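Trainee: One file: run16.cif (mmCIF, C-alpha atoms and all ligand atoms).
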data_coords
#
loop_
_atom_site.label_atom_id
_atom_site.label_comp_id
_atom_site.auth_asym_id
_atom_site.auth_seq_id
_atom_site.Cartn_x
_atom_site.Cartn_y
_atom_site.Cartn_z
CA MET H 1 -153.04 11.91 79.96
CA GLY H 2 -152.23 13.97 76.91
CA ASN H 3 -154.93 11.97 75.20
CA LEU H 4 -157.52 13.59 77.42
CA ILE H 5 -156.71 16.87 75.74
CA ARG H 6 -156.13 15.43 72.32
CA GLY H 7 -159.73 14.23 71.84
CA ASN H 8 -160.89 17.17 69.77
CA VAL H 9 -158.19 19.75 69.93
CA SER H 10 -154.44 19.25 70.02
CA ARG H 11 -152.36 20.24 73.01
CA ARG H 12 -150.57 22.74 70.79
CA THR H 13 -153.83 24.48 69.88
CA LEU H 14 -155.04 24.41 73.46
CA LEU H 15 -151.87 26.01 74.74
CA LYS H 16 -151.84 28.63 72.04
CA THR H 17 -155.44 29.87 72.21
CA ALA H 18 -156.80 32.32 74.74
CA GLY H 19 -159.29 29.67 75.80
CA GLY H 20 -156.39 27.35 76.40
CA VAL H 21 -154.72 29.83 78.65
CA SER H 22 -157.80 30.20 80.80
CA ALA H 23 -158.30 26.44 80.83
CA LEU H 24 -154.76 26.09 82.16
CA ALA H 25 -155.35 28.89 84.63
CA ALA H 26 -158.24 26.92 86.06
CA PHE H 27 -155.74 24.22 87.06
CA GLY H 28 -153.49 26.78 88.72
CA ALA H 29 -150.08 27.99 87.54
CA THR H 30 -148.73 24.56 86.57
CA PRO H 31 -149.39 23.61 82.96
CA LEU H 32 -151.88 20.78 82.66
CA ARG H 33 -149.43 18.31 81.17
CA TYR H 34 -147.08 18.63 84.12
CA ALA H 35 -149.89 18.58 86.67
CA LEU H 36 -151.13 15.25 85.38
CA GLY H 37 -147.90 13.68 84.07
CA ALA H 38 -145.36 14.59 81.42
CA GLU H 39 -146.55 14.50 77.86
CA PRO H 40 -144.24 12.69 75.41
CA LEU H 41 -142.01 14.86 73.29
CA LYS H 42 -142.25 13.88 69.64
CA VAL H 43 -138.90 13.68 67.87
CA GLY H 44 -139.03 13.26 64.10
CA LEU H 45 -136.02 11.42 62.69
CA MET H 46 -135.88 12.32 59.01
CA LEU H 47 -132.94 10.39 57.62
CA PRO H 48 -131.93 8.11 54.74
CA TYR H 49 -132.74 4.49 55.55
CA SER H 50 -132.27 3.37 51.94
CA GLY H 51 -129.76 4.10 49.17
CA THR H 52 -126.08 5.04 49.26
CA TYR H 53 -126.43 6.90 52.60
CA ALA H 54 -128.56 4.27 54.41
CA LYS H 55 -125.84 3.20 56.85
CA LEU H 56 -125.21 6.84 57.77
CA GLY H 57 -128.87 7.32 58.67
CA GLU H 58 -128.89 4.10 60.69
CA ASN H 59 -125.85 5.07 62.74
CA ILE H 60 -127.29 8.51 63.49
CA THR H 61 -130.55 6.87 64.61
CA TRP H 62 -128.86 4.35 66.89
CA ALA H 63 -126.74 7.04 68.49
CA VAL H 64 -129.73 9.32 69.15
CA GLU H 65 -131.56 6.39 70.70
CA LEU H 66 -128.48 5.45 72.71
CA PHE H 67 -128.27 8.89 74.33
CA VAL H 68 -131.98 8.90 75.16
CA GLU H 69 -131.67 5.40 76.66
CA GLU H 70 -128.72 6.56 78.76
CA LYS H 71 -131.03 9.25 80.13
CA GLY H 72 -133.70 6.69 81.03
CA GLY H 73 -135.89 7.49 78.03
CA MET H 74 -136.57 11.08 79.21
CA LEU H 75 -135.08 14.44 78.27
CA GLY H 76 -135.92 17.53 80.32
CA GLY H 77 -138.54 15.49 82.17
CA ARG H 78 -140.39 14.48 78.97
CA PRO H 79 -140.58 10.89 77.70
CA ILE H 80 -139.25 10.74 74.14
CA GLU H 81 -141.30 9.32 71.28
CA PHE H 82 -139.58 8.81 67.91
CA ILE H 83 -141.23 9.10 64.51
CA LYS H 84 -138.93 7.84 61.75
CA LEU H 85 -139.13 8.78 58.10
CA ASP H 86 -136.91 7.52 55.25
CA ASP H 87 -136.03 10.60 53.16
CA GLU H 88 -134.28 8.41 50.53
CA SER H 89 -131.69 11.20 50.06
CA ASP H 90 -134.15 12.60 47.53
CA PRO H 91 -134.31 16.42 47.53
CA ALA H 92 -137.50 16.42 45.43
CA LYS H 93 -139.39 14.69 48.26
CA ALA H 94 -137.94 16.80 51.06
CA PRO H 95 -140.62 19.52 51.37
CA GLU H 96 -143.47 17.01 51.43
CA ASN H 97 -141.68 14.70 53.87
CA THR H 98 -140.84 17.55 56.22
CA ASN H 99 -144.40 18.89 56.05
CA ARG H 100 -145.70 15.46 56.95
CA LEU H 101 -143.68 15.44 60.14
CA VAL H 102 -144.60 19.03 61.01
CA SER H 103 -148.30 19.09 60.13
CA ARG H 104 -149.57 15.52 60.27
CA ASP H 105 -147.37 14.06 62.98
CA GLU H 106 -147.04 17.35 64.89
CA VAL H 107 -143.48 16.65 65.95
CA ASP H 108 -141.86 18.99 68.47
CA VAL H 109 -138.41 18.73 66.87
CA ILE H 110 -136.84 17.21 63.79
CA ILE H 111 -133.41 15.63 63.82
CA GLY H 112 -132.22 15.31 60.21
CA THR H 113 -130.69 14.78 57.71
CA VAL H 114 -127.63 13.43 55.84
CA HIS H 115 -127.94 14.83 52.28
CA SER H 116 -127.38 18.57 51.74
CA GLY H 117 -130.06 18.89 49.04
CA VAL H 118 -132.69 17.30 51.29
CA GLU H 119 -131.57 19.51 54.17
CA MET H 120 -132.23 22.62 52.11
CA GLY H 121 -135.83 21.52 51.60
CA MET H 122 -136.19 20.91 55.33
CA VAL H 123 -134.72 24.30 56.21
CA LYS H 124 -137.30 26.10 54.09
CA VAL H 125 -140.20 24.29 55.78
CA VAL H 126 -139.00 24.82 59.35
CA LYS H 127 -138.24 28.47 58.72
CA ASP H 128 -141.95 28.86 57.98
CA SER H 129 -143.32 26.58 60.69
CA GLY H 130 -140.85 27.55 63.44
CA THR H 131 -140.17 23.88 64.22
CA LEU H 132 -136.84 23.18 65.90
CA LEU H 133 -134.42 21.48 63.46
CA ILE H 134 -131.14 19.88 64.52
CA GLY H 135 -128.89 18.75 61.67
CA PRO H 136 -126.88 15.62 62.54
CA ASN H 137 -124.88 15.50 59.30
CA ALA H 138 -125.67 17.41 56.08
CA GLY H 139 -123.10 20.16 55.64
CA ALA H 140 -125.10 22.57 53.41
CA GLY H 141 -123.49 25.95 53.95
CA ALA H 142 -126.71 27.95 53.74
CA MET H 143 -128.23 26.11 56.73
CA THR H 144 -125.88 28.03 59.00
CA GLY H 145 -125.21 30.77 56.45
CA ALA H 146 -127.71 32.79 54.42
CA LEU H 147 -130.66 30.73 55.75
CA CYS H 148 -129.57 30.58 59.38
CA ALA H 149 -132.36 30.96 61.94
CA PRO H 150 -132.92 30.85 65.71
CA ASN H 151 -134.67 27.43 65.43
CA ILE H 152 -131.99 25.82 63.21
CA PHE H 153 -128.93 24.11 64.73
CA ARG H 154 -126.26 21.73 63.50
CA THR H 155 -124.05 19.31 65.48
CA SER H 156 -122.00 18.08 62.53
CA PHE H 157 -120.00 20.43 60.28
CA SER H 158 -120.35 22.68 57.26
CA ASN H 159 -119.12 21.11 54.03
CA TRP H 160 -116.46 23.80 53.92
CA GLN H 161 -114.84 22.88 57.26
CA PRO H 162 -113.18 19.44 56.87
CA SER H 163 -112.28 20.09 53.24
CA TYR H 164 -110.65 23.40 54.14
CA GLY H 165 -108.61 21.47 56.71
CA MET H 166 -107.47 18.92 54.12
CA GLY H 167 -106.61 21.60 51.55
CA LYS H 168 -104.68 23.57 54.16
CA ALA H 169 -102.68 20.50 55.19
CA LEU H 170 -101.67 19.97 51.55
CA ALA H 171 -100.79 23.65 51.19
CA ASP H 172 -98.54 23.27 54.25
CA ARG H 173 -96.77 20.46 52.37
CA GLY H 174 -96.21 22.64 49.33
CA ILE H 175 -98.73 20.98 46.99
CA LYS H 176 -99.77 23.39 44.23
CA LYS H 177 -101.82 21.63 41.51
CA VAL H 178 -104.71 19.34 42.31
CA ALA H 179 -107.69 17.80 40.49
CA TYR H 180 -110.96 17.37 42.43
CA ILE H 181 -113.49 14.61 41.84
CA THR H 182 -116.92 14.46 43.44
CA TRP H 183 -120.67 14.13 43.09
CA ASP H 184 -122.33 17.05 41.32
CA TYR H 185 -124.50 18.38 44.14
CA GLY H 186 -124.27 20.86 47.00
CA ALA H 187 -122.02 18.82 49.30
CA GLY H 188 -119.57 18.00 46.51
CA LYS H 189 -119.34 21.57 45.27
CA GLU H 190 -119.07 23.14 48.72
CA SER H 191 -116.43 20.59 49.76
CA MET H 192 -114.48 21.47 46.63
CA GLN H 193 -114.66 25.16 47.56
CA GLY H 194 -113.38 24.47 51.07
CA PHE H 195 -110.55 22.38 49.64
CA ALA H 196 -109.66 25.16 47.18
CA ASP H 197 -109.68 27.78 49.97
CA GLY H 198 -107.35 25.60 52.07
CA LEU H 199 -104.97 25.02 49.16
CA ALA H 200 -104.95 28.74 48.39
CA THR H 201 -103.37 29.48 51.79
CA GLY H 202 -100.16 28.09 50.23
CA GLY H 203 -100.73 29.37 46.71
CA GLY H 204 -102.15 26.04 45.44
CA GLU H 205 -105.22 25.54 43.28
CA ILE H 206 -107.70 23.06 41.84
CA VAL H 207 -106.91 22.95 38.14
CA GLN H 208 -109.72 20.61 37.11
CA ALA H 209 -113.10 19.68 38.60
CA LEU H 210 -114.45 16.22 37.68
CA MET H 211 -118.08 15.50 38.58
CA VAL H 212 -120.68 12.73 38.29
CA PRO H 213 -124.38 13.10 39.16
CA PHE H 214 -125.43 11.94 42.67
CA PRO H 215 -125.60 9.01 43.50
CA GLU H 216 -124.07 7.59 40.32
CA THR H 217 -120.77 5.71 40.28
CA SER H 218 -119.96 6.24 36.61
CA TRP H 219 -116.54 7.87 37.21
CA GLN H 220 -114.40 5.59 35.03
CA PRO H 221 -114.18 8.10 32.13
CA LEU H 222 -113.15 10.81 34.62
CA LEU H 223 -110.48 8.61 36.20
CA ALA H 224 -109.05 8.04 32.73
CA GLN H 225 -108.48 11.81 32.38
CA ILE H 226 -106.40 12.21 35.55
CA PRO H 227 -102.95 11.21 34.19
CA GLY H 228 -103.24 13.88 31.50
CA LEU H 229 -104.03 16.78 33.85
CA GLY H 230 -100.55 17.54 35.12
CA VAL H 231 -101.58 17.40 38.80
CA GLU H 232 -99.63 16.31 41.88
CA ALA H 233 -102.60 14.95 43.78
CA VAL H 234 -106.37 14.41 43.67
CA GLY H 235 -108.89 15.73 46.18
CA THR H 236 -112.33 14.21 46.66
CA PHE H 237 -115.67 14.15 48.44
CA PHE H 238 -117.58 10.89 48.40
CA ALA H 239 -119.38 9.18 51.27
CA GLY H 240 -121.35 6.04 52.15
CA GLY H 241 -121.74 3.29 49.58
CA GLY H 242 -120.36 5.51 46.83
CA ALA H 243 -117.13 6.06 48.78
CA ILE H 244 -116.57 2.32 49.10
CA GLN H 245 -116.81 1.90 45.36
CA PHE H 246 -114.79 5.00 44.49
CA VAL H 247 -111.79 4.09 46.65
CA LYS H 248 -111.73 0.58 45.17
CA ASP H 249 -112.01 1.87 41.61
CA TYR H 250 -109.32 4.52 42.15
CA ALA H 251 -106.87 1.87 43.35
CA ALA H 252 -107.85 -0.61 40.63
CA ALA H 253 -107.19 2.07 37.99
CA GLY H 254 -103.58 2.16 39.21
CA LEU H 255 -103.80 5.85 40.19
CA ARG H 256 -103.00 5.71 43.90
CA ASP H 257 -99.22 5.69 43.76
CA LYS H 258 -98.90 8.35 41.08
CA PHE H 259 -101.68 10.70 42.20
CA PRO H 260 -102.24 10.43 45.96
CA LEU H 261 -105.88 10.78 46.95
CA TYR H 262 -106.94 13.15 49.75
CA GLY H 263 -110.37 14.02 50.99
CA SER H 264 -112.71 15.04 53.73
CA GLY H 265 -112.83 12.06 56.06
CA PHE H 266 -116.26 10.90 54.89
CA LEU H 267 -114.28 9.09 52.20
CA THR H 268 -113.19 6.48 54.74
CA ASP H 269 -115.27 6.97 57.92
CA GLY H 270 -117.56 4.01 58.58
CA VAL H 271 -116.57 2.45 55.25
CA LEU H 272 -112.86 1.70 55.61
CA ALA H 273 -113.37 -1.98 56.44
CA ALA H 274 -115.41 -2.46 53.27
CA GLN H 275 -112.70 -0.73 51.20
CA GLY H 276 -110.12 -3.33 52.30
CA ASP H 277 -106.57 -2.84 51.01
CA ALA H 278 -107.67 -0.04 48.66
CA GLY H 279 -108.36 2.20 51.69
CA GLU H 280 -105.13 1.51 53.59
CA GLY H 281 -102.85 4.53 53.91
CA LEU H 282 -105.43 7.10 52.78
CA GLU H 283 -105.05 10.50 54.42
CA THR H 284 -108.16 12.51 55.19
CA ALA H 285 -109.30 15.39 57.42
CA LEU H 286 -112.36 15.33 59.67
CA HIS H 287 -113.72 16.46 63.03
CA TYR H 288 -113.47 12.88 64.31
CA ALA H 289 -110.81 10.18 64.25
CA ASP H 290 -110.00 6.73 65.57
CA GLY H 291 -107.45 6.62 68.35
CA LEU H 292 -108.54 9.79 70.16
CA ASN H 293 -108.38 7.57 73.23
CA THR H 294 -110.17 9.92 75.61
CA PRO H 295 -112.36 8.48 78.38
CA ARG H 296 -115.38 10.22 76.77
CA ASP H 297 -114.80 8.71 73.34
CA ASN H 298 -113.87 5.28 74.65
CA ALA H 299 -117.07 5.08 76.73
CA PHE H 300 -119.18 6.21 73.77
CA ARG H 301 -117.58 3.72 71.38
CA GLU H 302 -118.13 0.86 73.78
CA ALA H 303 -121.78 1.81 74.38
CA PHE H 304 -122.47 2.28 70.66
CA GLN H 305 -120.89 -1.04 69.73
CA LYS H 306 -123.03 -2.73 72.38
CA LYS H 307 -126.23 -1.15 71.10
CA ALA H 308 -125.66 -1.25 67.34
CA GLY H 309 -123.34 -4.24 66.96
CA ARG H 310 -121.20 -1.94 64.78
CA ASP H 311 -118.27 0.35 65.40
CA ALA H 312 -119.03 4.02 66.02
CA ASP H 313 -118.11 6.50 63.31
CA VAL H 314 -118.48 10.23 62.69
CA TYR H 315 -122.19 9.84 61.89
CA ALA H 316 -122.85 8.13 65.21
CA VAL H 317 -120.99 10.91 67.02
CA GLN H 318 -123.00 13.64 65.27
CA GLY H 319 -126.30 11.88 66.08
CA TYR H 320 -125.33 11.44 69.72
CA ASP H 321 -124.45 15.12 69.93
CA ALA H 322 -127.76 16.13 68.32
CA ALA H 323 -129.51 14.34 71.17
CA GLN H 324 -127.14 15.93 73.70
CA LEU H 325 -127.90 19.40 72.32
CA LEU H 326 -131.65 18.75 72.47
CA ALA H 327 -131.28 17.60 76.07
CA ILE H 328 -129.40 20.78 77.01
CA GLY H 329 -132.21 22.89 75.55
CA LEU H 330 -135.00 20.89 77.17
CA GLU H 331 -133.34 20.84 80.57
CA ALA H 332 -133.00 24.64 80.49
CA VAL H 333 -136.79 25.03 80.19
CA GLY H 334 -137.94 22.01 82.20
CA GLY H 335 -139.20 20.33 79.03
CA ASP H 336 -141.49 23.24 78.08
CA MET H 337 -140.78 23.96 74.42
CA GLU H 338 -143.18 26.89 74.45
CA LYS H 339 -140.26 28.73 76.08
CA SER H 340 -138.35 28.58 72.82
CA ASP H 341 -136.32 31.77 73.37
CA ALA H 342 -134.79 30.44 76.57
CA MET H 343 -134.37 26.97 75.08
CA TYR H 344 -132.52 28.21 72.00
CA ALA H 345 -130.38 30.56 74.07
CA ALA H 346 -129.25 27.62 76.21
CA MET H 347 -128.52 25.54 73.12
CA GLY H 348 -126.65 28.34 71.38
CA SER H 349 -124.33 28.94 74.31
CA ALA H 350 -123.79 25.26 75.16
CA THR H 351 -120.49 23.44 75.35
CA ILE H 352 -121.21 19.97 74.04
CA ASP H 353 -119.28 17.17 75.69
CA SER H 354 -118.80 15.31 72.42
CA PRO H 355 -116.89 12.07 71.88
CA ARG H 356 -114.95 14.07 69.22
CA GLY H 357 -113.82 16.53 71.94
CA ALA H 358 -115.85 19.31 73.54
CA PHE H 359 -117.13 21.95 71.13
CA THR H 360 -119.20 25.12 71.14
CA LEU H 361 -121.53 26.57 68.51
CA SER H 362 -120.90 29.67 66.43
CA LYS H 363 -123.44 32.51 66.38
CA ALA H 364 -124.80 30.80 63.25
CA HIS H 365 -125.36 27.56 65.29
CA ASN H 366 -122.61 25.51 63.59
CA PRO H 367 -119.86 23.67 65.52
CA VAL H 368 -116.55 25.45 66.11
CA GLN H 369 -114.25 22.46 66.19
CA ASP H 370 -110.82 20.96 65.64
CA ILE H 371 -110.24 19.38 62.24
CA TYR H 372 -108.09 16.29 62.71
CA LEU H 373 -105.73 14.75 60.18
CA ARG H 374 -106.14 10.99 59.93
CA LYS H 375 -104.33 8.15 58.22
CA ALA H 376 -105.92 4.78 57.47
CA VAL H 377 -103.87 2.14 59.28
CA ASN H 378 -105.03 -1.46 59.76
CA GLY H 379 -108.63 -0.54 59.06
CA LEU H 380 -108.72 2.47 61.40
CA ASN H 381 -108.74 6.21 60.58
CA MET H 382 -105.95 6.92 63.05
CA LEU H 383 -105.39 10.39 64.46
CA ASN H 384 -102.35 11.85 62.70
CA GLY H 385 -102.24 15.49 63.78
CA ILE H 386 -104.50 18.53 63.72
CA ALA H 387 -105.05 20.43 60.46
CA VAL H 388 -106.78 23.43 62.06
CA GLU H 389 -107.77 24.07 65.67
CA LYS H 390 -111.21 25.43 66.56
CA LEU H 391 -112.21 26.04 62.97
CA ALA H 392 -115.41 28.07 62.45
CA ASP H 393 -117.35 28.15 59.20
CA PRO H 394 -117.36 31.66 57.64
CA ALA H 395 -121.22 31.61 57.90
CA THR H 396 -121.50 33.93 54.93
CA GLY H 397 -124.82 35.78 54.82
CA CYS H 398 -126.06 34.73 58.27
CA SER H 399 -127.98 37.35 60.17
CA MET H 400 -129.91 35.83 63.05
CA THR H 401 -133.24 37.63 63.24
C1 LIG X 1 -124.05 16.09 52.54
O1 LIG X 1 -124.82 15.87 51.58
O2 LIG X 1 -123.99 17.20 53.08
C2 LIG X 1 -123.18 15.01 53.06
C3 LIG X 1 -123.52 13.68 52.86
C4 LIG X 1 -122.72 12.67 53.38
C5 LIG X 1 -121.57 12.99 54.09
C6 LIG X 1 -121.22 14.31 54.29
C7 LIG X 1 -122.03 15.34 53.77
O3 LIG X 1 -120.82 12.03 54.59
#
Show this structure as structure tokens.
Ligand code: PHB

Mentor:
Amino acid sequence: MGNLIRGNVSRRTLLKTAGGVSALAAFGATPLRYALGAEPLKVGLMLPYSGTYAKLGENITWAVELFVEEKGGMLGGRPIEFIKLDDESDPAKAPENTNRLVSRDEVDVIIGTVHSGVEMGMVKVVKDSGTLLIGPNAGAGAMTGALCAPNIFRTSFSNWQPSYGMGKALADRGIKKVAYITWDYGAGKESMQGFADGLATGGGEIVQALMVPFPETSWQPLLAQIPGLGVEAVGTFFAGGGAIQFVKDYAAAGLRDKFPLYGSGFLTDGVLAAQGDAGEGLETALHYADGLNTPRDNAFREAFQKKAGRDADVYAVQGYDAAQLLAIGLEAVGGDMEKSDAMYAAMGSATIDSPRGAFTLSKAHNPVQDIYLRKAVNGLNMLNGIAVEKLADPATGCSMT
């Protein structure tokens, strides 16, 4: 029925204009779309479907779809329509891609993305348009820091969080001097800062940063420097296809026994099988782990495997929780996104029943969550303790106006 309205003027315009209000009034108090049948809610999925992060985008997509299917295809009484866009993990294309979803496709909400640089472009656009944005991965600090906003939420992590947990665990073990190797972009640099802050709790420090441009894999010259740095261990952020290659190259260079490698858990999550023997034994920190063995996680993993034909990983969990958070908001307002204040209030105060364990959101709309320690055993990132309980990002610079 929405098409009846859409002929000349969009539903959005109709609802927003004075004429629209009186047109609705003519049908009585119930908005037209509910009187005649629920209008689909358009969900833009802006994610990488190509490049080093392609598998991450796919798992997020399948998990979002899984949750919506579990709810019979409807959230808050509205049928869900997906519009998918491959962002290629290319920050230069982010503003145009986001604008396409907002202006041309007129999506009601965007779920995206994976890459921090792309996310920054998206944040700028939705701050102007007021479109609801739910981040299912990218950890860019500013999203829930200096650029935080009522319409911006994240169900994943800030880059600082898991890396702080890893650094703190090493500090607790008395490690003092570490080198850090990563991609030279926001996620790499912010992860390094979190790692350094964690290490500093025990008086440790990063004595050398080693960086390659994203998404290059030309780290051999940097690996060659490590034995000369006088460090006890090496910290790292890599993810996706790049992480598979890095872990293999690190082992092949003969560095693993002399300079143990530690990282945020993206290093091994979803990619451990492809890393083979090179990944075995690696210790990482993340807000998800294998072997949680809770009824919630077990049910999710079984359902995801059935849908995707792949094992669930942290990306799938974050995507599933993005859909859960959207559902909580929509249910609070009976599917009427014009009531954005009430919707965002419900989302902001939600407890999300995540496969990772229940979590809440900070005032800046970022998860407050346990950071698990994990050890790679027989191809699984097995739970191996908790680095920090209920860790909140510092949310530097966030004032929610
Ligand atoms: C990011 O760019 O923020 C990012 C990408 C992949 C990850 C984690 C963070 O696995």

Trainee: Compare H:Phe259, H:Trp62, H:Phe237, H:Phe359 by their minimum atom-to-atom distance to ligand LIG 1 (chain X), counting all atoms listed in the file, and give me the closest one.

Mentor: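 Closest to ligand LIG 1 (chain X), using all atoms listed in the file: H:Phe237.
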
Trainee: I want to know what sits within 6 Å of Gly198 (chain H), based on all atoms listed in the file, with residues of the same chain fewer than 6 positions away left out; could you give that as a ChimeraX atom specification?

Mentor: /H:164,167-168

Trainee: Looking at H:Phe157, H:Phe246, H:Trp183, H:Tyr262, which one is nearest to Val314 (chain H), with distances taken over only C-alpha atoms?

Mentor: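 Of all the options, H:Phe157 lies closest to Val314 (chain H).
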
Trainee: Which protein, DNA or RNA residues have an atom at most 10 Å from (-100.6, 15.9, 50.9), counting all atoms listed in the file? List them as a list in words.

Mentor: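 Here the neighbourhood of the point contains Met166, Gly167, Lys168, Ala169, Leu170, Ala171, Asp172, Arg173, Gly174, Ile175, Glu232, Ala233, Val234, Gly235, Pro260, Leu261, Tyr262, Gly263, Glu283 and Thr284 of chain H.
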
Trainee: Write out as a PyMOL selection string each polymer residue (protein, DNA or RNA) that has an atom no more than 7 Å from ligand LIG 1 (chain X), with all atoms listed in the file counted.

Mentor: chain H and resi 53+114-117+137-140+159+186-187+239-240+266

Trainee: Kindly give the distance, in Å, that separates CA of Gly319 (chain H) and CA of Met211 (chain H), rounded to a single decimal.

Mentor: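 CA of Met211 (chain H) lies at a distance of 28.9 Å from CA of Gly319 (chain H).
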
Trainee: Just so I have it separately, write region 173-195 of chain H from the block I sent, keeping C-alpha atoms, as a PDB file, in the first residue's frame.

Mentor:
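Generated file (decode31.pdb):
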ATOM      1  CA  ARG H 173      52.429 -10.983  33.625  1.00  0.00           C
ATOM      2  CA  GLY H 174      55.224  -8.472  34.076  1.00  0.00           C
ATOM      3  CA  ILE H 175      55.982  -7.825  30.382  1.00  0.00           C
ATOM      4  CA  LYS H 176      57.695  -4.452  29.950  1.00  0.00           C
ATOM      5  CA  LYS H 177      59.023  -3.988  26.395  1.00  0.00           C
ATOM      6  CA  VAL H 178      56.935  -4.724  23.335  1.00  0.00           C
ATOM      7  CA  ALA H 179      57.003  -3.930  19.601  1.00  0.00           C
ATOM      8  CA  TYR H 180      53.667  -3.346  17.826  1.00  0.00           C
ATOM      9  CA  ILE H 181      52.975  -4.167  14.184  1.00  0.00           C
ATOM     10  CA  THR H 182      49.826  -3.170  12.316  1.00  0.00           C
ATOM     11  CA  TRP H 183      48.190  -1.515   9.339  1.00  0.00           C
ATOM     12  CA  ASP H 184      48.719   2.240   9.157  1.00  0.00           C
ATOM     13  CA  TYR H 185      45.125   3.427   9.540  1.00  0.00           C
ATOM     14  CA  GLY H 186      42.706   4.373  12.302  1.00  0.00           C
ATOM     15  CA  ALA H 187      41.992   0.876  13.620  1.00  0.00           C
ATOM     16  CA  GLY H 188      45.682  -0.043  13.750  1.00  0.00           C
ATOM     17  CA  LYS H 189      46.714   3.148  15.495  1.00  0.00           C
ATOM     18  CA  GLU H 190      43.845   3.143  17.989  1.00  0.00           C
ATOM     19  CA  SER H 191      44.438  -0.535  18.778  1.00  0.00           C
ATOM     20  CA  MET H 192      48.081   0.269  19.416  1.00  0.00           C
ATOM     21  CA  GLN H 193      47.044   3.047  21.815  1.00  0.00           C
ATOM     22  CA  GLY H 194      44.748   0.700  23.726  1.00  0.00           C
ATOM     23  CA  PHE H 195      47.524  -1.883  23.923  1.00  0.00           C
TER      24      PHE H 195
END
